[in-house]
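Everything below belongs to run03.cif, which stores mmCIF, C-alpha atoms.
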```cif
data_final
#
loop_
_atom_site.label_atom_id
_atom_site.label_comp_id
_atom_site.auth_asym_id
_atom_site.auth_seq_id
_atom_site.Cartn_x
_atom_site.Cartn_y
_atom_site.Cartn_z
CA MET A 1 -63.14 99.25 -91.16
CA SER A 2 -66.09 97.57 -92.83
CA SER A 3 -63.82 94.95 -94.42
CA ILE A 4 -62.20 94.13 -91.07
CA ALA A 5 -65.60 93.84 -89.44
CA THR A 6 -66.74 91.56 -92.23
CA LEU A 7 -63.64 89.34 -91.83
CA LEU A 8 -64.16 89.07 -88.08
CA ALA A 9 -67.78 88.20 -88.61
CA LEU A 10 -66.84 85.44 -91.08
CA LEU A 11 -64.28 84.00 -88.66
CA LEU A 12 -66.83 84.04 -85.86
CA ILE A 13 -69.41 82.34 -88.06
CA ASN A 14 -66.82 79.76 -89.17
CA GLY A 15 -65.92 79.05 -85.55
CA ILE A 16 -69.56 78.63 -84.63
CA VAL A 17 -70.19 76.32 -87.59
CA THR A 18 -67.04 74.27 -86.89
CA SER A 19 -67.96 73.99 -83.23
CA SER A 20 -71.45 72.87 -84.10
CA LEU A 21 -70.09 70.26 -86.53
CA ALA A 22 -67.49 68.85 -84.07
CA GLU A 23 -68.44 65.52 -82.51
CA THR A 24 -68.17 65.69 -78.76
CA TYR A 25 -67.68 62.63 -76.60
CA ASP A 26 -68.85 62.85 -73.01
CA CYS A 27 -67.58 60.47 -70.38
CA THR A 28 -69.58 58.80 -67.64
CA ILE A 29 -68.21 58.24 -64.14
CA GLU A 30 -68.05 54.54 -63.28
CA LYS A 31 -66.79 52.73 -60.21
CA ASP A 32 -63.94 50.22 -60.38
CA GLY A 33 -63.47 49.10 -56.81
CA GLU A 34 -62.65 52.25 -54.90
CA LYS A 35 -61.50 54.05 -58.02
CA GLU A 36 -63.76 56.39 -59.99
CA ILE A 37 -63.06 56.25 -63.73
CA CYS A 38 -64.21 58.63 -66.46
CA VAL A 39 -65.25 56.22 -69.25
CA PHE A 40 -65.51 57.25 -72.92
CA ARG A 41 -67.40 54.78 -75.12
CA ASN A 42 -67.64 54.20 -78.87
CA VAL A 43 -64.97 56.75 -79.75
CA GLU A 44 -63.93 56.72 -83.42
CA TYR A 45 -60.65 58.35 -84.37
CA PHE A 46 -58.72 57.82 -87.61
CA LYS A 47 -55.91 59.69 -89.37
CA ASN A 48 -58.34 61.88 -91.31
CA THR A 49 -60.68 62.54 -88.39
CA THR A 50 -61.24 66.23 -87.60
CA HIS A 51 -63.53 68.27 -85.35
CA ILE A 52 -63.57 65.91 -82.41
CA ALA A 53 -63.88 67.04 -78.79
CA PHE A 54 -64.02 65.52 -75.30
CA SER A 55 -65.75 66.65 -72.14
CA SER A 56 -66.30 65.38 -68.62
CA PRO A 57 -68.79 66.18 -65.88
CA GLY A 58 -67.75 68.37 -62.99
CA PRO A 59 -65.50 71.39 -62.70
CA THR A 60 -62.21 69.44 -62.47
CA LYS A 61 -60.50 67.30 -65.07
CA PRO A 62 -60.57 63.55 -64.31
CA GLU A 63 -57.32 61.78 -63.37
CA ASN A 64 -58.59 58.27 -64.24
CA VAL A 65 -59.82 57.65 -67.79
CA ALA A 66 -60.79 54.59 -69.85
CA PHE A 67 -61.77 54.11 -73.49
CA LYS A 68 -64.13 51.21 -74.11
CA ASP A 69 -65.73 49.81 -77.26
CA SER A 70 -63.67 52.31 -79.25
CA ASN A 71 -61.74 52.26 -82.52
CA MET A 72 -58.76 54.63 -82.63
CA VAL A 73 -55.45 54.59 -84.49
CA ALA A 74 -53.96 56.75 -81.72
CA ILE A 75 -55.01 58.66 -78.64
CA PRO A 76 -56.75 61.74 -80.11
CA PRO A 77 -54.67 64.95 -79.82
CA ASN A 78 -57.68 66.93 -78.60
CA PHE A 79 -58.09 64.49 -75.74
CA LEU A 80 -54.42 64.92 -74.79
CA LEU A 81 -54.76 68.72 -74.92
CA THR A 82 -57.85 68.62 -72.72
CA PHE A 83 -56.92 65.95 -70.17
CA GLY A 84 -53.20 65.19 -70.67
CA ASN A 85 -51.74 67.30 -67.85
CA ASP A 86 -54.09 65.83 -65.22
CA LEU A 87 -54.09 62.23 -66.46
CA LYS A 88 -52.64 59.62 -64.07
CA PHE A 89 -54.47 56.41 -64.94
CA LEU A 90 -55.42 55.37 -68.50
CA ILE A 91 -57.00 52.20 -69.91
CA VAL A 92 -56.99 51.83 -73.71
CA GLU A 93 -57.41 48.08 -74.24
CA ASN A 94 -58.81 46.50 -77.41
CA CYS A 95 -59.01 49.86 -79.16
CA MET A 96 -57.09 49.05 -82.39
CA LEU A 97 -54.32 51.52 -81.46
CA GLN A 98 -51.21 51.70 -83.64
CA THR A 99 -49.40 54.13 -81.33
CA VAL A 100 -49.87 55.10 -77.70
CA THR A 101 -48.76 58.23 -75.86
CA ILE A 102 -47.41 58.47 -72.31
CA THR A 103 -48.20 61.84 -70.74
CA LYS A 104 -46.16 63.75 -68.18
CA ASN A 105 -47.99 62.80 -64.98
CA MET A 106 -49.21 59.35 -66.06
CA GLU A 107 -48.66 56.65 -63.42
CA VAL A 108 -50.52 53.67 -64.92
CA LEU A 109 -51.09 52.71 -68.58
CA TYR A 110 -52.97 49.57 -69.59
CA ALA A 111 -52.86 49.21 -73.38
CA LYS A 112 -52.98 45.47 -74.10
CA ASN A 113 -54.55 43.81 -77.16
CA ASN A 114 -53.93 46.55 -79.69
CA TYR A 115 -51.68 46.90 -82.76
CA ILE A 116 -49.18 49.23 -81.12
CA GLU A 117 -45.88 49.49 -82.97
CA LYS A 118 -44.49 52.59 -81.26
CA VAL A 119 -44.70 54.25 -77.85
CA LEU A 120 -44.66 58.06 -77.86
CA MET A 121 -43.77 60.49 -75.09
CA SER A 122 -45.97 63.58 -74.84
CA ARG A 123 -43.99 66.84 -75.00
CA ASN A 124 -40.65 65.08 -74.54
CA THR A 125 -41.61 63.74 -71.13
CA GLN A 126 -39.39 60.95 -69.79
CA CYS A 127 -42.22 58.98 -68.13
CA ASP A 128 -40.74 59.85 -64.74
CA ASN A 129 -44.00 59.10 -62.90
CA LEU A 130 -44.96 55.88 -64.68
CA LYS A 131 -45.22 52.90 -62.29
CA GLU A 132 -47.21 50.29 -64.27
CA LEU A 133 -47.08 49.65 -68.01
CA ASP A 134 -48.98 46.87 -69.78
CA LEU A 135 -48.26 46.66 -73.51
CA SER A 136 -48.98 42.95 -73.87
CA SER A 137 -50.25 41.46 -77.13
CA ASN A 138 -49.16 44.28 -79.43
CA ARG A 139 -46.73 44.63 -82.35
CA LEU A 140 -43.74 46.42 -80.84
CA GLY A 141 -40.63 46.19 -83.00
CA ASN A 142 -38.24 47.02 -80.13
CA ALA A 143 -38.22 48.08 -76.50
CA GLY A 144 -37.25 51.59 -77.60
CA ASN A 145 -37.80 54.39 -75.11
CA ILE A 146 -39.70 52.09 -72.72
CA THR A 147 -36.39 51.29 -71.02
CA ASN A 148 -36.10 54.99 -70.08
CA CYS A 149 -39.03 54.64 -67.68
CA LYS A 150 -36.79 54.32 -64.63
CA HIS A 151 -39.51 54.20 -61.99
CA LEU A 152 -41.53 51.32 -63.40
CA ILE A 153 -42.59 48.69 -60.88
CA THR A 154 -44.49 46.43 -63.30
CA LEU A 155 -43.65 45.97 -66.99
CA ASN A 156 -45.61 43.58 -69.23
CA LEU A 157 -44.29 43.11 -72.77
CA SER A 158 -45.70 39.62 -73.28
CA GLY A 159 -47.12 38.67 -76.65
CA ASN A 160 -44.92 41.07 -78.67
CA GLU A 161 -43.37 38.39 -80.84
CA ASP A 162 -40.98 40.58 -82.87
CA ILE A 163 -39.64 42.85 -80.15
CA TRP A 164 -36.14 41.31 -79.84
CA GLU A 165 -33.46 41.36 -82.50
CA ASP A 166 -32.11 37.88 -83.29
CA GLU A 167 -34.60 36.38 -80.80
CA THR A 168 -32.27 37.46 -77.98
CA VAL A 169 -33.05 39.53 -74.91
CA ASP A 170 -30.25 41.14 -72.94
CA LEU A 171 -31.41 41.71 -69.36
CA SER A 172 -28.92 44.57 -69.19
CA LEU A 173 -31.46 46.61 -71.17
CA PHE A 174 -33.39 47.06 -67.95
CA GLU A 175 -30.48 48.13 -65.76
CA SER A 176 -31.90 51.62 -65.06
CA MET A 177 -35.17 50.19 -63.70
CA ILE A 178 -34.02 49.77 -60.13
CA GLN A 179 -37.60 49.73 -58.78
CA LEU A 180 -38.84 47.03 -61.17
CA ARG A 181 -40.48 44.12 -59.33
CA ASP A 182 -42.39 42.26 -62.05
CA LEU A 183 -41.02 41.73 -65.58
CA ASN A 184 -43.16 39.77 -68.05
CA LEU A 185 -41.47 38.66 -71.30
CA ALA A 186 -43.73 35.67 -72.00
CA GLY A 187 -44.41 34.80 -75.62
CA THR A 188 -41.93 37.28 -77.10
CA GLY A 189 -40.20 34.83 -79.46
CA LEU A 190 -37.12 34.31 -77.27
CA PHE A 191 -34.47 31.74 -78.11
CA TYR A 192 -31.63 33.22 -76.07
CA ILE A 193 -31.34 35.15 -72.78
CA VAL A 194 -28.14 36.95 -71.80
CA ASN A 195 -26.97 39.38 -69.14
CA SER A 196 -24.03 41.04 -70.89
CA LYS A 197 -23.28 43.53 -68.09
CA ASN A 198 -24.10 41.07 -65.31
CA ILE A 199 -26.57 43.58 -63.90
CA GLY A 200 -28.56 42.93 -60.76
CA LEU A 201 -31.98 44.57 -60.50
CA PRO A 202 -32.31 45.08 -56.74
CA SER A 203 -36.13 44.97 -56.58
CA LEU A 204 -36.97 42.31 -59.18
CA GLN A 205 -39.11 39.56 -57.61
CA THR A 206 -40.74 37.87 -60.63
CA ILE A 207 -39.54 37.28 -64.17
CA ASP A 208 -41.82 35.49 -66.64
CA LEU A 209 -40.04 33.81 -69.58
CA SER A 210 -42.79 31.34 -70.39
CA LYS A 211 -44.24 30.49 -73.82
CA ASN A 212 -40.96 31.06 -75.67
CA ASP A 213 -38.56 28.67 -77.41
CA ILE A 214 -35.58 28.90 -75.08
CA LEU A 215 -32.74 26.62 -76.16
CA PRO A 216 -31.50 24.69 -73.10
CA VAL A 217 -27.97 24.27 -74.50
CA ASP A 218 -27.53 28.07 -74.37
CA PHE A 219 -29.59 28.72 -71.24
CA ASN A 220 -27.42 29.71 -68.29
CA ILE A 221 -29.07 29.87 -64.86
CA GLU A 222 -26.08 31.91 -63.64
CA ILE A 223 -27.50 35.03 -65.37
CA PHE A 224 -30.06 35.26 -62.55
CA TYR A 225 -27.53 35.06 -59.71
CA PRO A 226 -27.08 38.89 -59.46
CA PHE A 227 -30.81 39.45 -58.74
CA PRO A 228 -30.89 39.66 -54.93
CA ALA A 229 -34.71 39.65 -54.54
CA LEU A 230 -35.78 37.13 -57.22
CA GLU A 231 -38.52 34.85 -55.84
CA THR A 232 -40.39 33.51 -58.87
CA LEU A 233 -38.93 32.26 -62.15
CA LYS A 234 -41.36 31.16 -64.88
CA LEU A 235 -39.85 28.84 -67.49
CA ASN A 236 -42.99 26.91 -68.37
CA ASP A 237 -44.15 26.13 -71.92
CA ASN A 238 -40.74 26.46 -73.58
CA GLY A 239 -40.38 22.92 -74.93
CA MET A 240 -37.15 22.56 -72.95
CA THR A 241 -35.70 19.05 -72.81
CA SER A 242 -33.29 19.63 -69.91
CA ILE A 243 -32.29 22.13 -67.25
CA ASP A 244 -29.41 22.24 -64.76
CA TYR A 245 -31.86 22.45 -61.90
CA ALA A 246 -29.26 22.01 -59.15
CA PHE A 247 -27.93 25.48 -59.96
CA LEU A 248 -31.29 27.01 -59.04
CA LEU A 249 -30.20 26.61 -55.42
CA ASN A 250 -27.64 29.36 -55.98
CA ILE A 251 -30.50 31.86 -56.39
CA LYS A 252 -30.77 32.19 -52.64
CA THR A 253 -34.10 34.05 -52.60
CA LEU A 254 -35.88 31.75 -55.09
CA LYS A 255 -39.20 30.39 -53.78
CA SER A 256 -40.84 28.91 -56.87
CA VAL A 257 -39.98 27.87 -60.42
CA TYR A 258 -42.57 27.02 -63.08
CA LEU A 259 -41.44 24.12 -65.28
CA ASN A 260 -44.65 22.62 -66.69
CA GLY A 261 -45.30 22.48 -70.43
CA ASN A 262 -41.75 21.43 -71.30
CA SER A 263 -40.39 18.14 -72.67
CA PHE A 264 -38.26 16.77 -69.85
CA PRO A 265 -37.49 13.02 -69.77
CA CYS A 266 -40.13 11.10 -67.80
CA LEU A 267 -37.35 9.34 -65.87
CA LYS A 268 -36.18 12.63 -64.36
CA ILE A 269 -39.30 14.67 -63.60
CA LYS A 270 -40.12 13.27 -60.17
CA VAL A 271 -36.46 13.28 -59.13
CA MET A 272 -36.17 16.91 -60.24
CA ARG A 273 -39.34 18.08 -58.48
CA ASP A 274 -38.61 16.15 -55.28
CA PHE A 275 -35.12 17.60 -55.20
CA LEU A 276 -36.30 21.21 -55.62
CA GLN A 277 -39.14 20.85 -53.14
CA ALA A 278 -36.79 19.27 -50.62
CA HIS A 279 -34.77 22.49 -50.84
CA ASN A 280 -37.86 24.71 -50.34
CA ILE A 281 -38.30 25.65 -54.00
CA ALA A 282 -41.91 25.05 -55.03
CA THR A 283 -42.74 23.78 -58.54
CA PRO A 284 -46.31 24.99 -59.15
CA THR A 285 -48.18 24.96 -62.44
CA ASP A 286 -50.35 27.90 -63.42
CA ARG A 287 -52.46 25.70 -65.68
CA HIS A 288 -52.79 22.02 -66.56
CA SER A 289 -50.15 21.05 -69.09
CA ASN A 290 -51.41 20.29 -72.58
CA CYS A 291 -49.69 17.10 -73.68
CA GLN A 292 -51.00 16.81 -77.23
CA GLN A 293 -47.48 16.46 -78.65
CA ASN A 294 -46.22 14.43 -75.69
CA ALA A 295 -48.35 11.41 -74.87
CA ARG A 296 -47.03 11.12 -71.31
CA GLU A 297 -47.50 13.12 -68.15
CA ILE A 298 -45.99 12.86 -64.67
CA GLU A 299 -46.63 15.10 -61.68
CA GLY A 300 -48.83 17.33 -63.86
CA MET A 301 -45.99 17.88 -66.34
CA CYS A 302 -45.52 16.68 -69.91
CA CYS A 303 -42.58 14.36 -70.48
CA THR A 304 -40.85 12.28 -73.14
CA GLY A 305 -39.16 8.88 -73.26
CA PRO A 306 -39.81 5.76 -71.18
CA MET A 307 -41.94 5.94 -68.05
CA PRO A 308 -40.20 5.07 -64.78
CA THR A 309 -41.22 1.87 -62.98
CA SER A 310 -39.92 3.15 -59.64
CA ILE A 311 -38.04 6.32 -58.86
CA PRO A 312 -35.60 6.44 -55.93
CA ARG A 313 -35.90 9.26 -53.45
CA PRO A 314 -33.19 11.80 -54.30
CA SER A 315 -30.47 12.54 -51.79
CA SER A 316 -29.20 16.07 -51.11
CA PRO A 317 -26.67 17.07 -53.75
CA SER A 318 -23.52 19.02 -53.15
CA VAL A 319 -24.44 22.01 -55.29
CA PRO A 320 -21.60 24.18 -56.60
CA SER A 321 -21.89 27.55 -54.90
CA GLU A 322 -18.63 29.32 -55.60
CA THR A 323 -19.63 32.91 -56.33
CA VAL A 324 -17.76 36.12 -55.76
CA SER A 325 -19.20 38.79 -53.46
CA THR A 326 -20.90 40.59 -56.35
CA GLY A 327 -22.89 37.46 -57.24
CA THR A 328 -20.84 36.78 -60.39
CA PRO A 329 -20.52 33.01 -60.87
CA THR A 330 -17.04 31.56 -61.01
CA SER A 331 -16.08 28.68 -63.24
CA LYS A 332 -17.58 25.40 -62.11
CA PRO A 333 -18.23 21.96 -63.63
CA ARG A 334 -21.61 21.24 -65.10
CA PRO A 335 -23.62 18.53 -63.30
CA THR A 336 -24.26 15.43 -65.41
CA LEU A 337 -26.30 12.28 -65.03
CA PRO A 338 -24.87 8.77 -64.81
CA SER A 339 -24.08 7.22 -68.17
CA GLY A 340 -27.05 5.71 -69.96
CA VAL A 341 -29.75 7.76 -68.23
CA PRO A 342 -31.82 10.11 -70.49
CA GLY A 343 -31.48 13.85 -69.96
CA GLU A 344 -27.79 14.03 -69.07
CA SER A 345 -27.69 17.80 -68.60
CA ASP A 346 -30.19 17.81 -65.72
CA ALA A 347 -28.13 15.75 -63.29
CA THR A 348 -27.10 16.62 -59.79
CA PRO A 349 -23.66 15.90 -58.38
CA ASP A 350 -25.09 13.20 -56.09
CA ASP A 351 -26.42 11.32 -59.09
CA ARG A 352 -22.83 10.51 -59.92
CA THR A 353 -21.89 9.90 -56.28
CA ASN A 354 -24.76 7.46 -55.69
CA ASN A 355 -24.02 5.66 -58.94
CA ASP A 356 -20.34 5.31 -58.08
CA ALA A 357 -21.26 4.09 -54.61
CA ASN A 358 -23.53 1.41 -56.08
CA GLU A 359 -20.86 0.27 -58.51
CA ASN A 360 -18.19 0.20 -55.76
CA GLY A 361 -20.51 -1.77 -53.46
CA THR A 362 -21.08 -4.36 -56.15
CA SER A 363 -17.31 -4.68 -56.76
CA HIS A 364 -16.69 -5.16 -53.03
CA HIS A 365 -19.22 -8.02 -52.90
CA TRP A 366 -17.41 -9.86 -55.73
CA ILE A 367 -14.02 -9.44 -54.04
CA ILE A 368 -15.32 -10.79 -50.72
CA ALA A 369 -16.90 -13.80 -52.48
CA VAL A 370 -13.65 -14.62 -54.31
CA VAL A 371 -11.62 -14.38 -51.09
CA LEU A 372 -14.03 -16.70 -49.27
CA ILE A 373 -13.81 -19.24 -52.10
CA VAL A 374 -10.00 -19.12 -52.01
CA ILE A 375 -10.00 -19.63 -48.23
CA VAL A 376 -12.39 -22.60 -48.46
CA VAL A 377 -10.34 -24.23 -51.25
CA ALA A 378 -7.08 -23.69 -49.33
CA ALA A 379 -8.57 -25.12 -46.15
CA GLY A 380 -9.85 -28.16 -48.05
CA ALA A 381 -6.46 -28.76 -49.63
CA ALA A 382 -4.72 -28.46 -46.27
CA GLY A 383 -7.16 -30.97 -44.76
CA VAL A 384 -6.50 -33.51 -47.50
CA CYS A 385 -2.73 -33.23 -47.04
CA TRP A 386 -3.02 -33.68 -43.26
CA TYR A 387 -5.22 -36.78 -43.71
CA LYS A 388 -2.74 -38.43 -46.16
CA LYS A 389 0.21 -37.79 -43.86
CA ARG A 390 -1.66 -39.37 -40.96
CA GLN A 391 -2.40 -42.53 -42.98
CA ARG A 392 1.32 -42.93 -43.87
CA SER A 393 2.35 -42.67 -40.26
#
```

Can you give me the file's structure in the form of structure tokens?
Amino acid sequence: MSSIATLLALLLINGIVTSSLAETYDCTIEKDGEKEICVFRNVEYFKNTTHIAFSSPGPTKPENVAFKDSNMVAIPPNFLLTFGNDLKFLIVENCMLQTVTITKNMEVLYAKNNYIEKVLMSRNTQCDNLKELDLSSNRLGNAGNITNCKHLITLNLSGNEDIWEDETVDLSLFESMIQLRDLNLAGTGLFYIVNSKNIGLPSLQTIDLSKNDILPVDFNIEIFYPFPALETLKLNDNGMTSIDYAFLLNIKTLKSVYLNGNSFPCLKIKVMRDFLQAHNIATPTDRHSNCQQNAREIEGMCCTGPMPTSIPRPSSPSVPSETVSTGTPTSKPRPTLPSGVPGESDATPDDRTNNDANENGTSHHWIIAVVLIVIVVAAGAAGVCWYKKRQRS
């Protein structure tokens, strides 16, 4: 009995000593608008860190938590054990994280500006309650289990430059996210965008593809046709030299397209913008274009090639609109510009029509002039003959 009592006493003493040595972080309640957030500051957590604890004021566990001015390789396990089940809103920005964990009841996770390579799910949860996820400016190697978060409304993956294999994103990856409204893929190293299953996300309103290196020769506007709610398309800062802008009219819900920061021909920019705006598609810029590599600028947009002396007002083009009921585009000719004009792939059908009309008008003028000359010469010859006959008589 004495040995058992001694062992229990040693365990109790060890527990007391361990508890006294553990570093405890207490949060302070701070206001963020109408939201009260439990803020932990200056938390240090590394792979070899032990004896760390977390506490909060009040009898109930906080639902909204933020880590600020902290340095952590991951969200500490003791924190997840203490607060994980109640956690709904978590901010862990600029914390040096290498992994981040989504807990069962989490609704919002802001984890930008870290070194996150992997997203973990706590206790095999499927992020069923997650509505907003910001993982921008991290080091994700793939989209992984993020695409299983079916109830996301906002997803920001911008700034993860190595997330796509072969610099290609397949929009079909997001087919289960039927509530997704805002998808941000800016600055993710994209060259190619495909929609292999021709999916249509029913709630998607904004897609940001800016700050990539999209190749215009392989860029097909038809991939966006199946999105029945798409209002904003951001294609700015891609270095694109052309775009088949007439086909944007087939995205019936489109309200604005961002095109600044590209390298369109100067001769086409005003025509392109006037055409889109005439069809109620705005062409805003979210910042002033930086034209360091392109010495020219028109309408707030960088451009290349000769500057126009005067640009005719564009007429309404007959835009191809043959689509099946599912929104799948049928085969149609690509619009092209008249011969000799820079940027041939960004023509509208009326460019050709107007050009042909001008050429035909010029031809008609020459024909009329020749006919008049023939008539005058014939009349003169007839007059001379009549005069000679009269003199003989």

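Close to (-69.2, 54.3, -76.1), meaning no more than 10 Å away when counting all atoms listed in the file, sit the residues Tyr25, Asp26, Cys27, Thr28, Val39, Phe40, Arg41, Asn42, Val43, Glu44, Phe67, Lys68, Asp69 and Ser70 of chain A.
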
Hits from the PyMOL selection byres ((chain A and resi 161) around 10), listed as a VMD selection string = chain A and resid 137 to 141 157 to 160 162 to 164 167 185 to 190 212

So that each row is one residue of segment 110-176 of chain A with an atom at most 7 Å from segment 91-95 of chain A, can you give its shortest atom pair and the distance in Å to one decimal, using all atoms listed in the file, rows by chain and rising number, as a tab-separated table?
```
residue	atom	partner	partner_atom	distance
A:Tyr110	CA	A:Ile91	CA	4.8
A:Ala111	CA	A:Glu93	CA	4.8
A:Lys112	CA	A:Glu93	CA	5.1
A:Asn113	CA	A:Asn94	CA	5.0
A:Asn114	CA	A:Asn94	CA	5.4
```

Output the selection as a tab-separated table (two decimals), in the frame of the given file - C-alpha atoms for each residue.
```
chain	number	residue	atom	x	y	z
A	110	TYR	CA	-52.97	49.57	-69.59
A	111	ALA	CA	-52.86	49.21	-73.38
A	112	LYS	CA	-52.98	45.47	-74.10
A	113	ASN	CA	-54.55	43.81	-77.16
A	114	ASN	CA	-53.93	46.55	-79.69
```

Spatial neighbours of Ile221 of chain A, max dist 10 Å, all atoms listed in the file, sep filter under 6 positions, as JSON, numbers by chain | {"A": [193, 194, 243, 244, 245, 246, 247, 248, 250, 251, 329]}

File of the preceding selection, C-alpha atoms, as a PDB file, in the coordinates of the input:
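Final output, selection02.pdb:
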```pdb
ATOM      1  CA  ILE A 193     -31.340  35.150 -72.780  1.00  0.00           C
ATOM      2  CA  VAL A 194     -28.140  36.950 -71.800  1.00  0.00           C
ATOM      3  CA  ILE A 243     -32.290  22.130 -67.250  1.00  0.00           C
ATOM      4  CA  ASP A 244     -29.410  22.240 -64.760  1.00  0.00           C
ATOM      5  CA  TYR A 245     -31.860  22.450 -61.900  1.00  0.00           C
ATOM      6  CA  ALA A 246     -29.260  22.010 -59.150  1.00  0.00           C
ATOM      7  CA  PHE A 247     -27.930  25.480 -59.960  1.00  0.00           C
ATOM      8  CA  LEU A 248     -31.290  27.010 -59.040  1.00  0.00           C
ATOM      9  CA  ASN A 250     -27.640  29.360 -55.980  1.00  0.00           C
ATOM     10  CA  ILE A 251     -30.500  31.860 -56.390  1.00  0.00           C
ATOM     11  CA  PRO A 329     -20.520  33.010 -60.870  1.00  0.00           C
TER      12      PRO A 329
END
```

Spell out the residues picked by the PyMOL selection byres ((chain A and resi 252-259) around 8) here, as a ChimeraX atom specification.
-> /A:228-237,248-251,260-262,280-286,301

Give the padded box for segment 176-185 of chain A as lines of an AutoDock Vina configuration file: axis-aligned, covering all atoms listed in the file, 5 Å on each side, centre and edge lengths in Å to one decimal.
```
center_x = -37.5
center_y = 45.1
center_z = -65.0
size_x = 21.3
size_y = 23.0
size_z = 22.5
```

Contacts of Pro77 of chain A at 12 Å or less, counting only C-alpha atoms, minus same-chain residues fewer than 5 places along, as an NGL selection string?
-> :A and (45-47 or 49-54 or 72 or 82-84 or 100-101 or 103 or 122-123)

As a check of understanding, name the residues that the PyMOL selection byres ((chain A and resi 267) around 8) selects in the supplied structure, as a PDB file with C-alpha atoms, keeping the file's coordinate frame.
```pdb
ATOM      1  CA  PRO A 265     -37.490  13.020 -69.770  1.00  0.00           C
ATOM      2  CA  CYS A 266     -40.130  11.100 -67.800  1.00  0.00           C
ATOM      3  CA  LYS A 268     -36.180  12.630 -64.360  1.00  0.00           C
ATOM      4  CA  ILE A 269     -39.300  14.670 -63.600  1.00  0.00           C
ATOM      5  CA  LYS A 270     -40.120  13.270 -60.170  1.00  0.00           C
ATOM      6  CA  VAL A 271     -36.460  13.280 -59.130  1.00  0.00           C
ATOM      7  CA  GLY A 305     -39.160   8.880 -73.260  1.00  0.00           C
ATOM      8  CA  PRO A 306     -39.810   5.760 -71.180  1.00  0.00           C
ATOM      9  CA  MET A 307     -41.940   5.940 -68.050  1.00  0.00           C
ATOM     10  CA  PRO A 308     -40.200   5.070 -64.780  1.00  0.00           C
ATOM     11  CA  ILE A 311     -38.040   6.320 -58.860  1.00  0.00           C
ATOM     12  CA  PRO A 342     -31.820  10.110 -70.490  1.00  0.00           C
TER      13      PRO A 342
END
```
